[in-house]
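Visitor: Got a structure for you, questions after.
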Amino acid sequence: MRIEPDKTGHPHTHAELCEAGTRVYKEALRTGRIPRSDIESTPCLMDLDLLRPDPDDVQWLRPVPPSAALARLLLPIEKEIQERRRLSIELSDAFEPFMNVSAQDPSTTHAITVLEGLTRINTSLDRVVAECSSELLTVQPGSGRSATTFGEALRRVRPLLGRGIRMRTLYQHTARHQPITLAYLERIGPEVEVRTLEEIIDRLIIVDRKVAFVPASRDRQVALELRHTGLVEYLVGVFEQFWLQAIPLENPVTYQPPLDGISGIQRSIAKLLVEGHVDEAIARRLGMNVRTCRAHIAKLASALGSGSRAQLGYLIAQSGLLEQEH
């Protein structure tokens with residue numbers, strides 16, 4: 001409702017007159033008219049059209065009956081209501097032909113939701129994690145995560161602390177040597193159980209064993225929100241298998257001793273090379289940057305006497321290196 005200031009600077013509306021305006025309007029209704037001089041401190045009554053000049057004497061003012069004032073004020077509101085009702089009917093009519101058209105069963109459609117863009121992904125994550133009531137499982141592969149990423153994770157997890165929610169996170173061994181990761185874990189405290197592995201799957205978040213989030217593109221700009229019971233249970237099983245093999249963060253990692261000058265990490269790289277993975281995929285799987293990965297590949301090639309990438313794969317297979325690891 002429009003607010004009008006009077007000469008003294010006090011705001012007035014039809015619904016909330018000042019004390020002086022209320023008193024003058026009541027007096028005008030009781031007596032039938034009041035002299036114009038009585039509204040020197042309440043000119044708002046004229047602005048709000050609650051008093052009008054007396055046609056018989058301009059020095060006097062007559063009150064507008066409350067019923068007439070109310071009807072005048074309600075008229076634009078009722079028109080707006082009618083307009084919104086008309087718009088509601090038009091929208092309902094426009095969408096009515098689509099109500100019975102569906103390419104899939106609704107339960108199937110909502111079981112897998114494609115999230116495009118970091119904003120939408122983070123919004124969905126925030127909403128689902130905030131509703132977590134019993135368990136939060138996460139797999140965080142890779143290295144070099146930014147302070148912004150850890151800040152978002154901290155903001156998301158902090159409200160869950162102290163609520164009896166079991167939280168478990170899997171990192172790669174390389175995370176044990178990342179100051180920013182260790183600082184993040186120190187801030188969230190011991191309520192989050194952490195274990196590490198040399199090699200883990202891509203990023204995974206599971207909330208209450210009901211909703212799971214997985215990446216759907218290499219650039220992490222597309223993700224899938226999964227609510228299909230079978231899919232979520234399968235991913236929980238994958239997580240549990242990795243968890244059983246992982247080493248608690250407080251326990252030291254025992255690295256495999258070098259064999260013929262080839263380290264344990266280089267044997268892991270050799271296995272992935274034989275499986276056909278490219279450098280970027282190997283680096284992502286082992287939680288290192290591509291430059292470090294290629295340096296290890298170069299050392300592996302030198303140790304085996306390989307002169308090309310194709311020959312390296314053959315020499316790995318012939319060397320019995322992977323059998324020694326087994």
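Following the order of the structure tokens, chains are lettered A, B, ..., residues in each are numbered from 1, and ligands are numbered from 1.
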Between region 276-323 of chain A and region 165-179 of chain A, at 12 Å or less, what are the per-residue closest atom pairs and their distances in Å? Count only C-alpha atoms, order by chain and rising residue number, and return it as a tab-separated table.
Guide:
```
residue	atom	partner	partner_atom	distance
A:Ala283	CA	A:Thr174	CA	11.3
A:Arg284	CA	A:Gln172	CA	10.2
A:Arg285	CA	A:Gln172	CA	8.9
A:Leu286	CA	A:Gln172	CA	7.0
A:Gly287	CA	A:Gln172	CA	6.1
A:Met288	CA	A:Thr174	CA	7.2
A:Asn289	CA	A:Thr174	CA	10.5
A:Thr292	CA	A:Thr174	CA	11.8
```
Visitor: Show me, as a ChimeraX atom specification, the residues that have an atom within 9 Å of Leu118 (chain A) when counting only C-alpha atoms, minus same-chain residues fewer than 4 positions from it.
Guide: /A:122-123,220-223
Visitor: What does the file look like for those residues with C-alpha atoms, as a CSV table (one decimal), in the first residue's frame?
Guide:
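part20.csv written:
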```csv
chain,number,residue,atom,x,y,z
A,122,ASN,CA,27.1,-27.6,-5.9
A,123,THR,CA,23.5,-26.5,-5.2
A,220,ARG,CA,33.8,-32.2,-13.8
A,221,GLN,CA,31.2,-29.8,-15.4
A,222,VAL,CA,28.6,-32.5,-15.6
A,223,ALA,CA,27.5,-34.9,-12.7
```
Visitor: I need the residues of region 2-251 of chain A that end up classed as strand (DSSP E or B) by DSSP on the backbone, written out as an NGL selection string.
Guide: :A and (4-5 or 11-12 or 34-35 or 51-54 or 57-63 or 112-116 or 135-139 or 166-172 or 192-197 or 204-207 or 211-215 or 222-226 or 247-248)
Visitor: Just the residues within 8 Å of region 230-235 of chain A, please, counting only C-alpha atoms, with nothing from its chain fewer than 3 positions along; format it as a PyMOL selection string.
Guide: chain A and resi 206+209-212+226-227+238-239
Visitor: DSSP says helix (DSSP H, G or I) for which residues of region 195-288 of chain A? Put them as a PyMOL selection string?
Guide: chain A and resi 229-245+264-274+279-286
Visitor: Pick out the closest residue to Glu135 (chain A) from this set: A:Leu197, A:Ala147, A:Ile34, A:Ile205. Count only C-alpha atoms.
Guide: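 Among A:Leu197, A:Ala147, A:Ile34, A:Ile205, it is A:Ile205 that comes nearest to Glu135 (chain A).
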Visitor: Env of Phe213 (chain A): 6 Å cut, atoms = only C-alpha atoms, seq-sep filter 6 positions within chain, self excluded. Answer as a PyMOL selection string.
Guide: chain A and resi 204-205+224-225
Visitor: Pick out the closest residue to His110 (chain A) from this set: A:Ile200, A:Arg218, A:Arg36, A:His228. Count only C-alpha atoms.
Guide: A:His228
Visitor: Hey, which of A:Gly313, A:Pro65, A:Pro53, A:Gly151 ends up closest to Val274 (chain A)? Count only C-alpha atoms.
Guide: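 The shortest atom-to-atom distance to Val274 (chain A) comes from A:Gly313.
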Visitor: From the options A:Asp219, A:Arg267, A:Ala94, A:Ile282, which residue's atoms come nearest to Leu321 (chain A), counting only C-alpha atoms?
Guide: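 Answer, going by the shortest atom-to-atom distance: A:Arg267.
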Visitor: Excluding Ile297 (chain A) and any residue of its chain fewer than 6 positions from it, enumerate the residues within 12 Å of it, using only C-alpha atoms, and give them as number ranges by chain.
Guide: A: 262-263, 265-273, 278-279, 282-283, 290-291, 303-309, 312-313, 316
Visitor: Create the file for the chosen residues now, containing C-alpha atoms and written as a PDB file, in the first residue's frame.
Guide:
```
ATOM      1  CA  ILE A 262      61.514 -50.122 -10.401  1.00  0.00           C
ATOM      2  CA  SER A 263      59.475 -48.618  -7.518  1.00  0.00           C
ATOM      3  CA  ILE A 265      54.393 -46.592  -7.913  1.00  0.00           C
ATOM      4  CA  GLN A 266      56.124 -47.338 -11.218  1.00  0.00           C
ATOM      5  CA  ARG A 267      54.797 -50.902 -11.115  1.00  0.00           C
ATOM      6  CA  SER A 268      51.301 -49.475 -10.606  1.00  0.00           C
ATOM      7  CA  ILE A 269      51.851 -47.238 -13.628  1.00  0.00           C
ATOM      8  CA  ALA A 270      53.120 -50.223 -15.608  1.00  0.00           C
ATOM      9  CA  LYS A 271      49.920 -52.135 -14.844  1.00  0.00           C
ATOM     10  CA  LEU A 272      47.756 -49.241 -16.043  1.00  0.00           C
ATOM     11  CA  LEU A 273      49.874 -48.780 -19.170  1.00  0.00           C
ATOM     12  CA  VAL A 278      46.648 -42.752 -21.308  1.00  0.00           C
ATOM     13  CA  ASP A 279      48.918 -40.544 -19.188  1.00  0.00           C
ATOM     14  CA  ILE A 282      46.895 -42.830 -15.063  1.00  0.00           C
ATOM     15  CA  ALA A 283      47.722 -39.587 -13.252  1.00  0.00           C
ATOM     16  CA  VAL A 290      50.552 -35.538 -15.415  1.00  0.00           C
ATOM     17  CA  ARG A 291      54.129 -34.214 -15.316  1.00  0.00           C
ATOM     18  CA  ALA A 303      64.926 -49.245 -16.472  1.00  0.00           C
ATOM     19  CA  LEU A 304      63.459 -51.618 -19.090  1.00  0.00           C
ATOM     20  CA  GLY A 305      65.527 -50.252 -21.982  1.00  0.00           C
ATOM     21  CA  SER A 306      62.500 -49.117 -23.981  1.00  0.00           C
ATOM     22  CA  GLY A 307      62.937 -46.768 -26.894  1.00  0.00           C
ATOM     23  CA  SER A 308      59.222 -46.118 -27.607  1.00  0.00           C
ATOM     24  CA  ARG A 309      55.841 -46.190 -25.952  1.00  0.00           C
ATOM     25  CA  LEU A 312      57.435 -50.202 -23.389  1.00  0.00           C
ATOM     26  CA  GLY A 313      54.159 -52.067 -23.196  1.00  0.00           C
ATOM     27  CA  ILE A 316      56.517 -54.686 -19.374  1.00  0.00           C
TER      28      ILE A 316
END
```
Visitor: Work out how far apart CA of Leu29 (chain A) and CA of Ala69 (chain A) are and give it in Å to one decimal.
Guide: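 Separation of CA of Leu29 (chain A) and CA of Ala69 (chain A): 12.5 Å.
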